[in-house]
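Here is structure-v8.cif, consisting of mmCIF, C-alpha atoms:
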data_protein
loop_
_atom_site.label_atom_id
_atom_site.label_comp_id
_atom_site.auth_asym_id
_atom_site.auth_seq_id
_atom_site.Cartn_x
_atom_site.Cartn_y
_atom_site.Cartn_z
CA VAL A 1365 144.65 -86.73 6.66
CA GLN A 1366 147.55 -84.32 7.03
CA LYS A 1367 148.39 -80.76 6.04
CA ASP A 1368 151.56 -78.98 5.00
CA THR A 1369 152.43 -75.94 2.86
CA THR A 1370 151.19 -77.83 -0.22
CA GLY A 1371 147.72 -78.35 1.23
CA ILE A 1372 145.62 -81.11 2.73
CA PHE A 1373 146.55 -84.65 1.66
CA LEU A 1374 146.07 -88.28 2.55
CA CYS A 1375 149.10 -89.98 4.08
CA ALA A 1376 149.24 -93.77 3.77
CA ASP A 1377 151.64 -95.30 6.30
CA SER A 1378 151.86 -99.06 5.90
CA LYS A 1379 153.79 -101.23 8.34
CA GLY A 1380 153.53 -104.81 7.14
CA ASN A 1381 149.97 -104.29 5.97
CA SER A 1382 147.86 -102.78 3.19
CA HIS A 1383 145.87 -99.54 3.01
CA THR A 1384 143.15 -99.24 0.37
CA ILE A 1385 140.50 -96.58 -0.19
CA GLY A 1386 138.01 -96.60 -3.05
CA TYR A 1387 135.44 -94.24 -4.49
CA GLU A 1388 132.52 -95.49 -6.57
CA LEU A 1389 131.45 -93.49 -9.62
CA SER A 1390 130.15 -93.85 -13.15
CA LEU A 1391 132.18 -92.10 -15.81
CA ASP A 1392 132.47 -92.36 -19.58
CA LEU A 1393 136.11 -92.17 -20.67
CA ALA A 1394 135.00 -90.78 -24.05
CA ASP A 1395 134.25 -87.55 -22.17
CA TYR A 1396 137.06 -87.70 -19.59
CA PRO A 1397 139.88 -89.91 -20.94
CA TYR A 1398 142.69 -88.58 -18.73
CA LEU A 1399 143.35 -89.21 -15.08
CA GLU A 1400 145.47 -86.66 -13.26
CA PHE A 1401 146.79 -87.16 -9.77
CA CYS A 1402 149.48 -85.83 -7.49
CA TRP A 1403 151.43 -88.10 -5.18
CA ARG A 1404 154.62 -88.22 -3.14
CA ALA A 1405 156.63 -91.28 -2.11
CA LYS A 1406 158.40 -91.15 1.24
CA VAL A 1407 159.42 -94.73 2.12
CA LEU A 1408 159.61 -97.52 -0.48
CA PRO A 1409 158.93 -101.13 0.53
CA PRO A 1410 162.38 -102.78 0.21
CA GLY A 1411 162.49 -105.37 -2.56
CA GLY A 1412 159.00 -104.53 -3.79
CA ASP A 1413 158.44 -106.18 -7.17
CA GLU A 1414 154.80 -106.15 -8.23
CA ARG A 1415 155.17 -109.11 -10.60
CA GLU A 1416 155.50 -111.68 -7.79
CA LYS A 1417 153.05 -112.47 -4.96
CA LYS A 1418 155.79 -112.63 -2.31
CA THR A 1419 157.05 -109.10 -3.18
CA ASN A 1420 153.89 -107.48 -4.60
CA ASP A 1421 154.12 -104.20 -2.65
CA SER A 1422 153.94 -100.61 -3.89
CA VAL A 1423 154.49 -97.36 -2.06
CA LEU A 1424 151.79 -95.74 -4.23
CA GLY A 1425 149.11 -97.16 -6.49
CA VAL A 1426 146.10 -95.63 -8.19
CA TYR A 1427 143.44 -97.96 -9.61
CA VAL A 1428 140.84 -97.23 -12.28
CA ILE A 1429 138.15 -99.88 -11.89
CA PHE A 1430 135.88 -100.99 -14.74
CA GLU A 1431 133.65 -104.05 -14.98
CA GLY A 1432 132.09 -105.75 -11.99
CA GLY A 1433 132.06 -109.36 -11.01
CA ILE A 1434 134.10 -110.91 -8.25
CA ILE A 1435 137.31 -109.48 -9.67
CA PRO A 1436 136.67 -106.38 -11.82
CA ARG A 1437 138.91 -105.27 -14.65
CA SER A 1438 141.21 -102.49 -13.54
CA VAL A 1439 144.26 -100.53 -14.55
CA LYS A 1440 146.70 -99.84 -11.73
CA TYR A 1441 149.26 -97.05 -12.05
CA ILE A 1442 152.15 -97.61 -9.65
CA TRP A 1443 155.29 -96.17 -8.15
CA SER A 1444 157.49 -99.26 -7.94
CA THR A 1445 160.54 -99.86 -5.81
CA THR A 1446 162.34 -101.92 -8.44
CA LEU A 1447 160.52 -102.14 -11.78
CA PRO A 1448 161.55 -99.65 -14.49
CA VAL A 1449 159.21 -96.88 -15.62
CA GLY A 1450 157.16 -98.13 -18.56
CA THR A 1451 156.92 -101.70 -17.30
CA VAL A 1452 153.52 -103.20 -18.00
CA THR A 1453 152.51 -106.40 -16.26
CA HIS A 1454 149.44 -108.04 -14.80
CA SER A 1455 148.84 -108.56 -11.12
CA PRO A 1456 150.14 -111.90 -9.84
CA TYR A 1457 146.68 -112.33 -8.31
CA SER A 1458 144.61 -111.69 -11.45
CA LYS A 1459 145.17 -110.92 -15.13
CA ARG A 1460 142.11 -108.67 -14.85
CA THR A 1461 144.36 -106.09 -13.14
CA GLN A 1462 146.90 -104.63 -15.52
CA MET A 1463 149.70 -102.59 -13.93
CA VAL A 1464 151.68 -99.73 -15.44
CA VAL A 1465 154.81 -98.41 -13.72
CA ILE A 1466 154.87 -94.61 -14.06
CA GLU A 1467 157.44 -93.85 -11.34
CA SER A 1468 160.20 -96.01 -9.92
CA GLY A 1469 162.94 -95.98 -7.36
CA ARG A 1470 164.28 -93.39 -4.97
CA GLU A 1471 165.26 -90.53 -7.29
CA LYS A 1472 162.09 -88.47 -6.65
CA ILE A 1473 161.48 -89.48 -3.02
CA GLY A 1474 159.91 -86.63 -1.06
CA GLU A 1475 158.79 -84.67 -4.16
CA TRP A 1476 155.17 -84.04 -5.11
CA ILE A 1477 154.78 -85.44 -8.64
CA VAL A 1478 151.81 -84.62 -10.89
CA GLU A 1479 150.93 -87.53 -13.18
CA ARG A 1480 148.59 -87.49 -16.17
CA VAL A 1481 147.68 -90.78 -17.85
CA ASP A 1482 145.44 -91.56 -20.82
CA VAL A 1483 143.19 -94.20 -19.28
CA LEU A 1484 141.11 -94.63 -22.44
CA LYS A 1485 144.17 -95.43 -24.54
CA ASP A 1486 145.69 -97.60 -21.81
CA TYR A 1487 142.54 -99.70 -21.37
CA LYS A 1488 142.37 -100.43 -25.12
CA ARG A 1489 146.07 -101.31 -25.23
CA LEU A 1490 146.19 -103.38 -22.05
CA PHE A 1491 143.00 -105.39 -22.54
CA GLY A 1492 142.97 -105.51 -26.37
CA LYS A 1493 139.49 -104.04 -26.52
CA LYS A 1494 138.09 -101.37 -28.85
CA LYS A 1495 135.01 -100.73 -26.73
CA VAL A 1496 135.75 -99.36 -23.27
CA PRO A 1497 133.17 -99.81 -20.49
CA PRO A 1498 132.37 -96.96 -18.10
CA VAL A 1499 134.64 -96.39 -15.14
CA LYS A 1500 132.98 -97.75 -12.01
CA GLY A 1501 135.44 -96.42 -9.46
CA VAL A 1502 138.91 -95.30 -8.48
CA GLY A 1503 141.04 -96.52 -5.63
CA ILE A 1504 144.38 -96.04 -3.99
CA LEU A 1505 146.65 -98.63 -2.44
CA THR A 1506 149.81 -98.36 -0.38
CA ASP A 1507 151.05 -101.72 0.84
CA SER A 1508 153.96 -103.52 2.43
CA ASP A 1509 152.27 -106.74 3.56
CA ASN A 1510 154.03 -109.16 1.22
CA THR A 1511 157.55 -107.89 1.97
CA SER A 1512 156.70 -107.50 5.70
CA SER A 1513 158.25 -104.05 5.57
CA CYS A 1514 157.17 -100.42 5.52
CA ALA A 1515 155.82 -98.10 2.83
CA VAL A 1516 154.81 -94.45 3.24
CA GLY A 1517 153.30 -92.27 0.55
CA ASP A 1518 150.99 -89.29 0.16
CA TYR A 1519 148.07 -88.58 -2.19
CA LEU A 1520 147.21 -84.92 -2.80
CA TYR A 1521 144.42 -85.25 -5.40
CA ILE A 1522 142.94 -87.48 -8.10
CA LYS A 1523 140.69 -86.18 -10.91
CA PHE A 1524 139.48 -87.14 -14.36
CA VAL A 1525 139.92 -84.50 -17.05
CA GLY A 1526 138.57 -84.14 -20.56
CA GLU A 1527 141.45 -82.72 -22.49
CA GLN A 1528 145.22 -82.92 -22.59
CA LYS A 1529 147.02 -79.80 -21.38
#

What does the file become when written as structure tokens?
Amino acid sequence: VQKDTTGIFLCADSKGNSHTIGYELSLDLADYPYLEFCWRAKVLPPGGDEREKKTNDSVLGVYVIFEGGIIPRSVKYIWSTTLPVGTVTHSPYSKRTQMVVIESGREKIGEWIVERVDVLKDYKRLFGKKKVPPVKGVGILTDSDNTSSCAVGDYLYIKFVGEQK
């Protein structure tokens, strides 16, 4: 946990490893379909490409976790080193994790960026389902284990909201 003029934030500093934090909850996306979060990338993992196991590293990632089981369904919003914004792909570890690139590259390094995503719409589109189960949790991930490199990013806040601004 760190503090600057912006406020108190979580700094994830990964050196050849992976940092994950999760928060369990129960939330109906019909009431709160949007996820808003603020993040800042500082150091991108060189060569990070989330489509391949050997390069599956992201400076910043926010998960929305749904169904249980050994590997729950989840949507992961990422800041990728190499993949273009708008890229949608599944995790190389499980098709139950669908990834959406919402930031990419070095252009906005060091800037706090506020993101707002429509999780309800994304779940239906990504999993081809009309009925959306309750959200069971959220998580963050900063990792550089597969590229054996370094990734540094900050998370200021994450919240579900009920209406589009």

Who sits within 8 Å of Leu1393 of chain A, all atoms listed in the file, same chain under 4 positions skipped, as a PyMOL selection string | chain A and resi 1397-1398+1483-1484+1496+1498-1499

Write the residues of the selection above to a file with C-alpha atoms, as a PDB file, in the coordinates of the input.
ATOM      1  CA  PRO A1397     139.880 -89.910 -20.940  1.00  0.00           C
ATOM      2  CA  TYR A1398     142.690 -88.580 -18.730  1.00  0.00           C
ATOM      3  CA  VAL A1483     143.190 -94.200 -19.280  1.00  0.00           C
ATOM      4  CA  LEU A1484     141.110 -94.630 -22.440  1.00  0.00           C
ATOM      5  CA  VAL A1496     135.750 -99.360 -23.270  1.00  0.00           C
ATOM      6  CA  PRO A1498     132.370 -96.960 -18.100  1.00  0.00           C
ATOM      7  CA  VAL A1499     134.640 -96.390 -15.140  1.00  0.00           C
TER       8      VAL A1499
END

Specify as a list in words each residue included when the PyMOL selection byres ((chain A and resi 1405) around 9) is applied to this file.
-> Trp1403, Arg1404, Lys1406, Val1407, Leu1408, Val1423, Leu1424, Trp1443, Arg1470, Lys1472, Ile1473, Gly1474, Glu1475, Trp1476, Ile1477, Ala1515, Val1516, Gly1517, Asp1518 and Tyr1519 of chain A

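Rounded to one decimal, atom CA of Glu1388 of chain A and atom CA of Ile1434 of chain A lie 15.6 Å from each other.
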
The distance between atom CA of Asp1413 of chain A and atom CA of Arg1460 of chain A is 18.2 Å

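Interatomic distance, atom CA of Val1426 of chain A to atom CA of Ile1522 of chain A: 8.7 Å.
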
Within 12 Å of (145.3, -88.3, 5.4) (coordinates as in the file), grab all the protein and nucleic acid residues, counting all atoms listed in the file, and write them out as a PyMOL selection string.
-> chain A and resi 1365-1368+1371-1377+1383+1385+1516-1521

Contacts of Ser1444 of chain A within 12 Å, all atoms listed in the file, excl. fewer than 2 positions in-chain, as a ChimeraX atom specification | /A:1405,1407-1415,1419-1426,1440-1442,1446-1452,1463-1473,1506-1508,1515,1517

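For the structure in this document, the set picked by the PyMOL selection byres ((chain A and resi 1497) around 12) is Ser1390, Leu1391, Asp1392, Leu1393, Ala1394, Pro1397, Val1428, Ile1429, Phe1430, Glu1431, Gly1432, Pro1436, Arg1437, Ser1438, Val1483, Leu1484, Tyr1487, Lys1488, Phe1491, Lys1493, Lys1494, Lys1495, Val1496, Pro1498, Val1499, Lys1500 and Gly1501 of chain A.
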
Using all atoms listed in the file: which of A:Leu1399, A:Thr1370, A:Val1502, A:Ser1378 has the shortest distance to Lys1485 of chain A | A:Leu1399

Compare A:Leu1389, A:Cys1514, A:Val1525, A:Ile1435 by their minimum atom-to-atom distance to Val1481 of chain A, counting only C-alpha atoms, and give me the closest one.
-> A:Val1525

Pick from A:Cys1402, A:Leu1505, A:Val1478, A:Leu1490, whichever lies nearest to Thr1453 of chain A using all atoms listed in the file = A:Leu1490

Mind rebuilding segment 1453-1465 of chain A with N, CA and C atoms and writing that out as an mmCIF file, in the frame of the given file?
data_model
loop_
_atom_site.group_PDB
_atom_site.id
_atom_site.type_symbol
_atom_site.label_atom_id
_atom_site.label_comp_id
_atom_site.auth_asym_id
_atom_site.auth_seq_id
_atom_site.Cartn_x
_atom_site.Cartn_y
_atom_site.Cartn_z
ATOM 1 N N THR A 1453 152.652 -105.018 -16.676
ATOM 2 C CA THR A 1453 152.510 -106.400 -16.260
ATOM 3 C C THR A 1453 151.127 -106.580 -15.649
ATOM 4 N N HIS A 1454 150.716 -107.805 -15.476
ATOM 5 C CA HIS A 1454 149.440 -108.040 -14.800
ATOM 6 C C HIS A 1454 149.725 -108.390 -13.342
ATOM 7 N N SER A 1455 148.732 -108.207 -12.526
ATOM 8 C CA SER A 1455 148.840 -108.560 -11.120
ATOM 9 C C SER A 1455 149.110 -110.058 -10.994
ATOM 10 N N PRO A 1456 149.950 -110.461 -10.052
ATOM 11 C CA PRO A 1456 150.140 -111.900 -9.840
ATOM 12 C C PRO A 1456 148.903 -112.568 -9.256
ATOM 13 N N TYR A 1457 147.922 -111.782 -8.863
ATOM 14 C CA TYR A 1457 146.680 -112.330 -8.310
ATOM 15 C C TYR A 1457 145.584 -112.464 -9.360
ATOM 16 N N SER A 1458 145.635 -111.627 -10.415
ATOM 17 C CA SER A 1458 144.610 -111.690 -11.450
ATOM 18 C C SER A 1458 145.060 -110.946 -12.707
ATOM 19 N N LYS A 1459 144.869 -111.583 -13.855
ATOM 20 C CA LYS A 1459 145.170 -110.920 -15.130
ATOM 21 C C LYS A 1459 144.164 -109.826 -15.441
ATOM 22 N N ARG A 1460 143.115 -109.726 -14.655
ATOM 23 C CA ARG A 1460 142.110 -108.670 -14.850
ATOM 24 C C ARG A 1460 142.604 -107.326 -14.301
ATOM 25 N N THR A 1461 143.719 -107.338 -13.578
ATOM 26 C CA THR A 1461 144.360 -106.090 -13.140
ATOM 27 C C THR A 1461 145.660 -105.943 -13.902
ATOM 28 N N GLN A 1462 145.701 -104.938 -14.751
ATOM 29 C CA GLN A 1462 146.900 -104.630 -15.520
ATOM 30 C C GLN A 1462 147.609 -103.461 -14.848
ATOM 31 N N MET A 1463 148.923 -103.593 -14.659
ATOM 32 C CA MET A 1463 149.700 -102.590 -13.930
ATOM 33 C C MET A 1463 150.667 -101.873 -14.869
ATOM 34 N N VAL A 1464 150.773 -100.569 -14.665
ATOM 35 C CA VAL A 1464 151.680 -99.730 -15.440
ATOM 36 C C VAL A 1464 152.562 -98.960 -14.462
ATOM 37 N N VAL A 1465 153.869 -99.131 -14.579
ATOM 38 C CA VAL A 1465 154.810 -98.410 -13.720
ATOM 39 C C VAL A 1465 155.032 -97.024 -14.320
#
